[in-house]
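Participant: The structure file protein-v4.txt (compact mmCIF, N, CA and C atoms) is provided below.
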# COMPACT_ATOMS: atom_id res chain seq x y z
N MET A 1 96.93 4.68 39.12
CA MET A 1 97.30 5.41 40.32
C MET A 1 97.14 4.49 41.52
N THR A 2 98.11 4.47 42.38
CA THR A 2 98.05 3.60 43.55
C THR A 2 97.56 4.39 44.75
N ASP A 3 96.98 3.66 45.67
CA ASP A 3 96.52 4.26 46.91
C ASP A 3 97.71 4.34 47.86
N GLU A 4 98.17 5.56 48.15
CA GLU A 4 99.35 5.73 48.99
C GLU A 4 99.00 6.03 50.43
N ARG A 5 97.76 5.75 50.83
CA ARG A 5 97.39 5.96 52.23
C ARG A 5 98.19 5.00 53.09
N ARG A 6 98.64 5.49 54.20
CA ARG A 6 99.37 4.62 55.10
C ARG A 6 98.54 4.39 56.36
N GLU A 7 98.87 3.37 57.06
CA GLU A 7 98.16 3.05 58.29
C GLU A 7 98.47 4.10 59.35
N PRO A 8 97.51 4.37 60.24
CA PRO A 8 97.80 5.30 61.33
C PRO A 8 98.94 4.78 62.20
N ALA A 9 99.61 5.69 62.88
CA ALA A 9 100.67 5.31 63.80
C ALA A 9 100.12 4.35 64.83
N PRO A 10 100.99 3.53 65.48
CA PRO A 10 100.51 2.58 66.48
C PRO A 10 99.88 3.29 67.68
N PHE A 11 100.13 4.56 67.83
CA PHE A 11 99.48 5.36 68.86
C PHE A 11 98.83 6.54 68.16
N ARG A 12 97.85 7.08 68.78
CA ARG A 12 97.18 8.26 68.22
C ARG A 12 97.25 9.37 69.27
N ILE A 13 97.63 10.55 68.84
CA ILE A 13 97.81 11.68 69.74
C ILE A 13 96.58 12.59 69.67
N GLY A 14 96.09 12.99 70.83
CA GLY A 14 95.02 13.97 70.92
C GLY A 14 95.57 15.24 71.53
N VAL A 15 95.39 16.36 70.84
CA VAL A 15 95.87 17.66 71.31
C VAL A 15 94.65 18.51 71.62
N VAL A 16 94.64 19.14 72.78
CA VAL A 16 93.53 20.00 73.19
C VAL A 16 94.08 21.40 73.41
N ALA A 17 93.52 22.37 72.69
CA ALA A 17 93.94 23.77 72.82
C ALA A 17 92.73 24.63 73.17
N ASP A 18 92.99 25.77 73.79
CA ASP A 18 91.88 26.63 74.23
C ASP A 18 91.45 27.65 73.19
N ASP A 19 92.15 27.73 72.05
CA ASP A 19 91.71 28.61 70.96
C ASP A 19 92.21 28.04 69.64
N LEU A 20 91.61 28.52 68.54
CA LEU A 20 91.92 27.96 67.23
C LEU A 20 93.35 28.25 66.81
N THR A 21 93.87 29.43 67.11
CA THR A 21 95.25 29.74 66.76
C THR A 21 96.22 28.77 67.42
N GLY A 22 96.03 28.52 68.70
CA GLY A 22 96.88 27.58 69.41
C GLY A 22 96.74 26.16 68.87
N ALA A 23 95.51 25.79 68.52
CA ALA A 23 95.27 24.45 67.96
C ALA A 23 96.02 24.27 66.65
N LEU A 24 95.90 25.25 65.77
CA LEU A 24 96.58 25.16 64.47
C LEU A 24 98.09 25.21 64.63
N ASP A 25 98.58 26.03 65.54
CA ASP A 25 100.01 26.12 65.79
C ASP A 25 100.55 24.78 66.30
N ALA A 26 99.85 24.17 67.23
CA ALA A 26 100.28 22.87 67.76
C ALA A 26 100.24 21.80 66.67
N GLY A 27 99.18 21.80 65.89
CA GLY A 27 99.04 20.81 64.82
C GLY A 27 100.12 20.95 63.75
N ALA A 28 100.54 22.18 63.49
CA ALA A 28 101.55 22.42 62.45
C ALA A 28 102.86 21.72 62.78
N GLY A 29 103.23 21.70 64.04
CA GLY A 29 104.48 21.01 64.41
C GLY A 29 104.43 19.53 64.12
N PHE A 30 103.29 18.91 64.40
CA PHE A 30 103.14 17.48 64.10
C PHE A 30 103.12 17.24 62.59
N ALA A 31 102.43 18.12 61.85
CA ALA A 31 102.38 17.97 60.39
C ALA A 31 103.78 18.13 59.78
N LYS A 32 104.54 19.07 60.30
CA LYS A 32 105.90 19.28 59.81
C LYS A 32 106.76 18.04 60.02
N ALA A 33 106.46 17.27 61.08
CA ALA A 33 107.18 16.03 61.36
C ALA A 33 106.67 14.86 60.52
N GLY A 34 105.72 15.12 59.61
CA GLY A 34 105.23 14.09 58.71
C GLY A 34 104.01 13.33 59.19
N MET A 35 103.43 13.77 60.28
CA MET A 35 102.24 13.08 60.80
C MET A 35 100.99 13.65 60.14
N ARG A 36 99.96 12.81 60.04
CA ARG A 36 98.68 13.24 59.47
C ARG A 36 97.84 13.85 60.59
N VAL A 37 97.55 15.13 60.43
CA VAL A 37 96.86 15.90 61.47
C VAL A 37 95.45 16.24 61.00
N ARG A 38 94.48 16.08 61.90
CA ARG A 38 93.10 16.49 61.63
C ARG A 38 92.67 17.47 62.70
N VAL A 39 91.98 18.53 62.27
CA VAL A 39 91.44 19.53 63.19
C VAL A 39 89.93 19.58 62.95
N PRO A 40 89.15 18.72 63.62
CA PRO A 40 87.70 18.72 63.41
C PRO A 40 87.09 20.03 63.91
N LEU A 41 86.11 20.52 63.18
CA LEU A 41 85.49 21.79 63.53
C LEU A 41 84.06 21.61 64.00
N GLY A 42 83.63 20.39 64.27
CA GLY A 42 82.27 20.13 64.72
C GLY A 42 82.08 20.49 66.18
N PRO A 43 80.89 20.25 66.70
CA PRO A 43 80.61 20.58 68.11
C PRO A 43 81.43 19.71 69.05
N LEU A 44 81.73 20.27 70.22
CA LEU A 44 82.51 19.53 71.21
C LEU A 44 81.78 18.26 71.62
N GLY A 45 82.52 17.17 71.73
CA GLY A 45 81.95 15.91 72.17
C GLY A 45 81.32 15.09 71.07
N ALA A 46 81.22 15.66 69.85
CA ALA A 46 80.64 14.92 68.72
C ALA A 46 81.57 13.76 68.36
N PRO A 47 81.01 12.68 67.80
CA PRO A 47 81.88 11.59 67.36
C PRO A 47 82.92 12.12 66.37
N LEU A 48 84.12 11.63 66.48
CA LEU A 48 85.21 12.09 65.63
C LEU A 48 85.47 11.10 64.52
N ASP A 49 85.47 11.56 63.27
CA ASP A 49 85.78 10.74 62.11
C ASP A 49 87.25 10.98 61.77
N ILE A 50 88.11 10.23 62.41
CA ILE A 50 89.54 10.49 62.31
C ILE A 50 90.33 9.22 62.04
N ALA A 51 89.72 8.28 61.34
CA ALA A 51 90.33 6.97 61.14
C ALA A 51 91.71 7.06 60.48
N ASP A 52 91.95 8.05 59.65
CA ASP A 52 93.23 8.12 58.94
C ASP A 52 94.20 9.12 59.57
N ALA A 53 93.93 9.56 60.78
CA ALA A 53 94.77 10.58 61.42
C ALA A 53 95.75 9.97 62.41
N ASP A 54 96.90 10.60 62.52
CA ASP A 54 97.86 10.28 63.57
C ASP A 54 97.65 11.20 64.76
N VAL A 55 97.25 12.44 64.47
CA VAL A 55 97.08 13.47 65.49
C VAL A 55 95.73 14.14 65.29
N ILE A 56 94.98 14.27 66.36
CA ILE A 56 93.69 14.96 66.34
C ILE A 56 93.83 16.17 67.23
N VAL A 57 93.56 17.35 66.68
CA VAL A 57 93.71 18.59 67.42
C VAL A 57 92.33 19.22 67.60
N ILE A 58 91.96 19.48 68.84
CA ILE A 58 90.65 20.03 69.14
C ILE A 58 90.78 21.41 69.77
N ASN A 59 89.98 22.35 69.28
CA ASN A 59 89.88 23.69 69.85
C ASN A 59 88.65 23.71 70.75
N THR A 60 88.87 23.95 72.05
CA THR A 60 87.73 24.02 72.98
C THR A 60 87.12 25.42 73.05
N ALA A 61 87.79 26.41 72.48
CA ALA A 61 87.30 27.81 72.52
C ALA A 61 86.95 28.21 73.94
N SER A 62 87.82 27.87 74.87
CA SER A 62 87.51 28.05 76.29
C SER A 62 88.35 29.12 76.98
N ARG A 63 89.17 29.82 76.26
CA ARG A 63 90.05 30.80 76.90
C ARG A 63 89.27 31.96 77.53
N GLU A 64 88.24 32.41 76.88
CA GLU A 64 87.53 33.61 77.34
C GLU A 64 86.41 33.32 78.34
N GLY A 65 85.97 32.10 78.48
CA GLY A 65 84.86 31.77 79.38
C GLY A 65 85.32 31.62 80.82
N SER A 66 84.45 31.04 81.61
CA SER A 66 84.76 30.83 83.03
C SER A 66 85.68 29.61 83.19
N ALA A 67 86.31 29.54 84.35
CA ALA A 67 87.17 28.39 84.66
C ALA A 67 86.34 27.11 84.69
N GLU A 68 85.13 27.18 85.23
CA GLU A 68 84.26 26.00 85.30
C GLU A 68 83.89 25.50 83.90
N ASP A 69 83.59 26.43 83.00
CA ASP A 69 83.25 26.06 81.63
C ASP A 69 84.47 25.45 80.93
N ALA A 70 85.64 26.04 81.15
CA ALA A 70 86.87 25.52 80.54
C ALA A 70 87.11 24.08 80.99
N HIS A 71 86.97 23.82 82.29
CA HIS A 71 87.14 22.47 82.84
C HIS A 71 86.17 21.51 82.15
N ALA A 72 84.90 21.88 82.07
CA ALA A 72 83.87 21.01 81.49
C ALA A 72 84.14 20.76 80.00
N ARG A 73 84.52 21.79 79.27
CA ARG A 73 84.79 21.62 77.83
C ARG A 73 85.96 20.67 77.60
N VAL A 74 87.04 20.84 78.36
CA VAL A 74 88.21 19.97 78.17
C VAL A 74 87.87 18.54 78.58
N ARG A 75 87.10 18.36 79.63
CA ARG A 75 86.70 17.01 80.04
C ARG A 75 85.88 16.35 78.93
N THR A 76 84.93 17.08 78.35
CA THR A 76 84.11 16.55 77.26
C THR A 76 84.96 16.13 76.08
N VAL A 77 85.90 16.97 75.70
CA VAL A 77 86.78 16.68 74.57
C VAL A 77 87.70 15.50 74.88
N THR A 78 88.21 15.44 76.09
CA THR A 78 89.08 14.32 76.47
C THR A 78 88.33 13.00 76.35
N LEU A 79 87.11 12.96 76.84
CA LEU A 79 86.31 11.73 76.72
C LEU A 79 86.08 11.37 75.26
N SER A 80 85.80 12.35 74.42
CA SER A 80 85.59 12.10 73.00
C SER A 80 86.87 11.56 72.35
N LEU A 81 88.01 12.13 72.69
CA LEU A 81 89.28 11.66 72.15
C LEU A 81 89.57 10.23 72.58
N LEU A 82 89.34 9.93 73.85
CA LEU A 82 89.57 8.57 74.34
C LEU A 82 88.66 7.57 73.63
N ARG A 83 87.41 7.92 73.42
CA ARG A 83 86.48 7.03 72.70
C ARG A 83 86.92 6.82 71.25
N SER A 84 87.69 7.77 70.72
CA SER A 84 88.14 7.68 69.33
C SER A 84 89.46 6.94 69.18
N GLY A 85 90.01 6.42 70.26
CA GLY A 85 91.23 5.63 70.17
C GLY A 85 92.51 6.39 70.45
N VAL A 86 92.42 7.60 70.97
CA VAL A 86 93.64 8.34 71.33
C VAL A 86 94.33 7.64 72.48
N THR A 87 95.64 7.51 72.38
CA THR A 87 96.41 6.84 73.43
C THR A 87 97.40 7.78 74.12
N LEU A 88 97.60 8.97 73.57
CA LEU A 88 98.49 9.95 74.17
C LEU A 88 97.81 11.32 74.10
N LEU A 89 97.67 11.97 75.24
CA LEU A 89 97.01 13.27 75.30
C LEU A 89 98.03 14.38 75.51
N TYR A 90 97.81 15.50 74.84
CA TYR A 90 98.68 16.66 74.93
C TYR A 90 97.80 17.88 75.14
N LYS A 91 97.97 18.57 76.26
CA LYS A 91 97.20 19.78 76.53
C LYS A 91 98.07 20.98 76.16
N LYS A 92 97.70 21.65 75.09
CA LYS A 92 98.44 22.83 74.64
C LYS A 92 98.00 24.01 75.51
N VAL A 93 98.96 24.67 76.15
CA VAL A 93 98.65 25.86 76.95
C VAL A 93 99.18 27.09 76.23
N ASP A 94 98.56 28.22 76.51
CA ASP A 94 98.97 29.48 75.92
C ASP A 94 100.39 29.82 76.38
N SER A 95 101.19 30.40 75.49
CA SER A 95 102.59 30.67 75.79
C SER A 95 102.79 31.64 76.94
N VAL A 96 101.82 32.50 77.21
CA VAL A 96 101.93 33.40 78.36
C VAL A 96 100.89 33.05 79.42
N LEU A 97 100.39 31.82 79.35
CA LEU A 97 99.48 31.23 80.34
C LEU A 97 98.16 31.99 80.49
N ARG A 98 97.65 32.54 79.39
CA ARG A 98 96.32 33.14 79.41
C ARG A 98 95.28 32.05 79.50
N GLY A 99 94.09 32.42 79.87
CA GLY A 99 93.00 31.45 79.96
C GLY A 99 92.99 30.75 81.30
N HIS A 100 92.70 29.46 81.28
CA HIS A 100 92.52 28.68 82.51
C HIS A 100 93.34 27.39 82.45
N PRO A 101 94.67 27.49 82.41
CA PRO A 101 95.47 26.26 82.24
C PRO A 101 95.27 25.25 83.37
N GLY A 102 95.12 25.70 84.61
CA GLY A 102 94.93 24.76 85.73
C GLY A 102 93.62 24.00 85.63
N PRO A 103 92.48 24.70 85.54
CA PRO A 103 91.20 23.98 85.40
C PRO A 103 91.13 23.12 84.13
N GLU A 104 91.77 23.57 83.06
CA GLU A 104 91.74 22.76 81.83
C GLU A 104 92.54 21.47 82.01
N LEU A 105 93.70 21.57 82.63
CA LEU A 105 94.49 20.36 82.89
C LEU A 105 93.72 19.42 83.81
N ALA A 106 93.06 19.97 84.82
CA ALA A 106 92.24 19.14 85.71
C ALA A 106 91.11 18.48 84.93
N GLY A 107 90.52 19.20 83.98
CA GLY A 107 89.47 18.63 83.14
C GLY A 107 89.97 17.48 82.29
N MET A 108 91.22 17.58 81.83
CA MET A 108 91.80 16.51 81.03
C MET A 108 92.11 15.30 81.90
N LEU A 109 92.60 15.53 83.10
CA LEU A 109 92.97 14.42 83.97
C LEU A 109 91.76 13.73 84.61
N SER A 110 90.65 14.45 84.77
CA SER A 110 89.52 13.91 85.55
C SER A 110 88.96 12.58 85.02
N PRO A 111 88.88 12.34 83.70
CA PRO A 111 88.35 11.04 83.28
C PRO A 111 89.40 9.93 83.18
N LEU A 112 90.64 10.25 83.50
CA LEU A 112 91.71 9.26 83.39
C LEU A 112 91.85 8.48 84.69
N PRO A 113 92.51 7.32 84.65
CA PRO A 113 92.64 6.50 85.85
C PRO A 113 93.32 7.25 86.99
N PRO A 114 92.94 6.94 88.22
CA PRO A 114 93.61 7.57 89.37
C PRO A 114 95.11 7.34 89.30
N GLY A 115 95.86 8.34 89.68
CA GLY A 115 97.31 8.23 89.64
C GLY A 115 97.93 8.67 88.33
N THR A 116 97.11 8.97 87.33
CA THR A 116 97.66 9.48 86.07
C THR A 116 98.40 10.77 86.34
N ARG A 117 99.54 10.90 85.72
CA ARG A 117 100.37 12.08 85.95
C ARG A 117 100.43 12.94 84.69
N ALA A 118 100.75 14.20 84.89
CA ALA A 118 100.92 15.13 83.78
C ALA A 118 102.29 15.78 83.89
N LEU A 119 102.92 15.96 82.76
CA LEU A 119 104.15 16.73 82.68
C LEU A 119 103.74 18.11 82.17
N VAL A 120 103.98 19.14 82.95
CA VAL A 120 103.62 20.51 82.57
C VAL A 120 104.90 21.26 82.29
N ALA A 121 105.06 21.72 81.05
CA ALA A 121 106.31 22.38 80.66
C ALA A 121 106.02 23.54 79.73
N PRO A 122 105.45 24.64 80.27
CA PRO A 122 105.21 25.79 79.39
C PRO A 122 106.53 26.44 79.01
N ALA A 123 106.64 26.79 77.75
CA ALA A 123 107.87 27.41 77.27
C ALA A 123 107.52 28.61 76.38
N PHE A 124 108.40 29.58 76.37
CA PHE A 124 108.26 30.76 75.52
C PHE A 124 109.68 31.26 75.25
N PRO A 125 110.35 30.67 74.24
CA PRO A 125 111.76 30.97 74.01
C PRO A 125 112.06 32.47 73.88
N ALA A 126 111.16 33.24 73.29
CA ALA A 126 111.42 34.67 73.12
C ALA A 126 111.53 35.39 74.47
N GLN A 127 110.96 34.80 75.52
CA GLN A 127 111.06 35.38 76.85
C GLN A 127 112.04 34.61 77.74
N GLY A 128 112.83 33.74 77.12
CA GLY A 128 113.84 33.00 77.87
C GLY A 128 113.32 31.77 78.57
N ARG A 129 112.05 31.40 78.37
CA ARG A 129 111.50 30.19 78.99
C ARG A 129 111.61 29.05 77.99
N VAL A 130 112.51 28.12 78.23
CA VAL A 130 112.69 26.97 77.35
C VAL A 130 112.64 25.70 78.18
N THR A 131 112.29 24.60 77.54
CA THR A 131 112.30 23.31 78.21
C THR A 131 113.11 22.34 77.39
Please render this file's structure as C-alpha cells.

Facilitator:
Amino acid sequence: MTDERREPAPFRIGVVADDLTGALDAGAGFAKAGMRVRVPLGPLGAPLDIADADVIVINTASREGSAEDAHARVRTVTLSLLRSGVTLLYKKVDSVLRGHPGPELAGMLSPLPPGTRALVAPAFPAQGRVT
C-alpha cells in the first residue's frame, strides 16, 4: 500500500465561524472542492495540529455572548491561525447576520498589519441576496 498523502496547498486557509453549524457548513464547501479540511474541537487559542490540512475551520461559539467576548474570541483564534501558517483568512458570517459580525470582523482584523482590508459579502440566495 502506498502513502497517498499529498502536500498541503501552497497557501492555507483559516475559516472562523461563530457557531458549529456555520463552521461545518463552511468547511463542507471546501471539502467538496477536494481540499483537506480540519475542524479542531480543542479550546480556543490552543496550538493547532493541522500539518496535513489545506483549510482549518474554527468555531468560536460566540454568537450568543457579548460583542466584546465575540471580538476577543475571534482575535484569539486569528492569532492561533496565523501562528499555524494560515495565509488566507475567511470570516464566515451568519446568513441573516445574527450574532456580532462587526465586532468579530474587527477582532479578525486587529492583529493584522495596518491597512489590511476585508471584503464583506454576505449572501442568502433564498432571500434574493447573492454575490

Participant: Leaving out stretch 22-26 of chain A and any residue of its chain fewer than 5 positions from it, which residues lie within 9 Å of it when counting only C-alpha atoms, given as a PyMOL selection string?

Facilitator: chain A and resi 15-17+39+57-59+92-94

Participant: For the atom pair atom N of A:Ser84 and atom C of A:Ala118, what is the interatomic distance in Å to one decimal place?

Facilitator: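 Distance reported for this atom pair: 21.2 Å.
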
Participant: I'd like the interatomic distance between atom CA of A:Leu81 and atom C of A:Thr131, to a tenth of an Å.

Facilitator: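 Going from atom CA of A:Leu81 over to atom C of A:Thr131 covers 26.6 Å.
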
Participant: Would you please work out which residue, of A:Met108, A:Ile13, A:Val130, A:Val37, is nearest to A:Thr78 when using all atoms listed in the file?

Facilitator: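 Using all atoms listed in the file, the shortest distance to A:Thr78 belongs to A:Met108.
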
Participant: Near A:Ala46, within 8 Å and counting only N, CA and C atoms, which residues show up once chain neighbours fewer than 6 positions away are dropped, as a PyMOL selection string?

Facilitator: chain A and resi 76-77+80-81

Participant: Give as a short mmCIF file (atom, residue, chain, number, x, y, z; two decimals) with N, CA and C atoms, in the frame of the given file the set of residues within 6.5 Å of the point (93.6, 10.9, 72.4), where distances use the file's coordinates and all atoms listed in the file.

Facilitator:
data_model
loop_
_atom_site.label_atom_id
_atom_site.label_comp_id
_atom_site.auth_asym_id
_atom_site.auth_seq_id
_atom_site.Cartn_x
_atom_site.Cartn_y
_atom_site.Cartn_z
N ARG A 12 97.85 7.08 68.78
CA ARG A 12 97.18 8.26 68.22
C ARG A 12 97.25 9.37 69.27
N ILE A 13 97.63 10.55 68.84
CA ILE A 13 97.81 11.68 69.74
C ILE A 13 96.58 12.59 69.67
N GLY A 14 96.09 12.99 70.83
CA GLY A 14 95.02 13.97 70.92
C GLY A 14 95.57 15.24 71.53
N VAL A 15 95.39 16.36 70.84
CA VAL A 15 95.87 17.66 71.31
C VAL A 15 94.65 18.51 71.62
N LEU A 81 88.01 12.13 72.69
CA LEU A 81 89.28 11.66 72.15
C LEU A 81 89.57 10.23 72.58
N LEU A 82 89.34 9.93 73.85
CA LEU A 82 89.57 8.57 74.34
C LEU A 82 88.66 7.57 73.63
N GLY A 85 90.01 6.42 70.26
CA GLY A 85 91.23 5.63 70.17
C GLY A 85 92.51 6.39 70.45
N VAL A 86 92.42 7.60 70.97
CA VAL A 86 93.64 8.34 71.33
C VAL A 86 94.33 7.64 72.48
N THR A 87 95.64 7.51 72.38
CA THR A 87 96.41 6.84 73.43
C THR A 87 97.40 7.78 74.12
N LEU A 88 97.60 8.97 73.57
CA LEU A 88 98.49 9.95 74.17
C LEU A 88 97.81 11.32 74.10
N LEU A 89 97.67 11.97 75.24
CA LEU A 89 97.01 13.27 75.30
C LEU A 89 98.03 14.38 75.51
#

Participant: So what do you get for atom CA of A:Pro43 versus atom CA of A:Ala70, distance-wise?

Facilitator: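 That distance, rounded to one decimal, is 14.8 Å.
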
Participant: Nearest to A:Gly107 among A:Val120, A:Ala51, A:Gly128, A:Val74, with distances taken over all atoms listed in the file: which residue is it?

Facilitator: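 Using all atoms listed in the file, the shortest distance to A:Gly107 belongs to A:Val74.
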
Participant: Using DSSP on the backbone coordinates, identify all residues within stretch 54-89 of chain A classified as strand (DSSP E or B); present the result as a ChimeraX atom specification.

Facilitator: /A:55-59,88-89

Participant: When DSSP works through the backbone of this structure, what residues of stretch 37-87 of chain A end up as alpha helix (DSSP H), shown as a ChimeraX atom specification?

Facilitator: /A:67-83

Participant: Write out as JSON an axis-aligned box for stretch 88-93 of chain A: all of its atoms listed in the file, 4 Å added on each side, centre and edge lengths in Å with one decimal.

Facilitator:
{"center_x": 98.1, "center_y": 18.0, "center_z": 75.3, "size_x": 10.2, "size_y": 26.1, "size_z": 11.4}

Participant: Which residues are close to A:Arg38, i.e. within 6 Å by all atoms listed in the file, leaving aside same-chain residues fewer than 4 positions away? Reply as a list in words.

Facilitator: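 Surrounding residues, per the criterion: Ala53, Val55, Ile56 and Val57 of chain A.
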
Participant: Which residue is closest to A:Leu48? Choose from A:Leu97, A:Pro122, A:Thr116, A:Leu79 and count only C-alpha atoms.

Facilitator: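 Counting only C-alpha atoms, the residue closest to A:Leu48 is A:Leu79.
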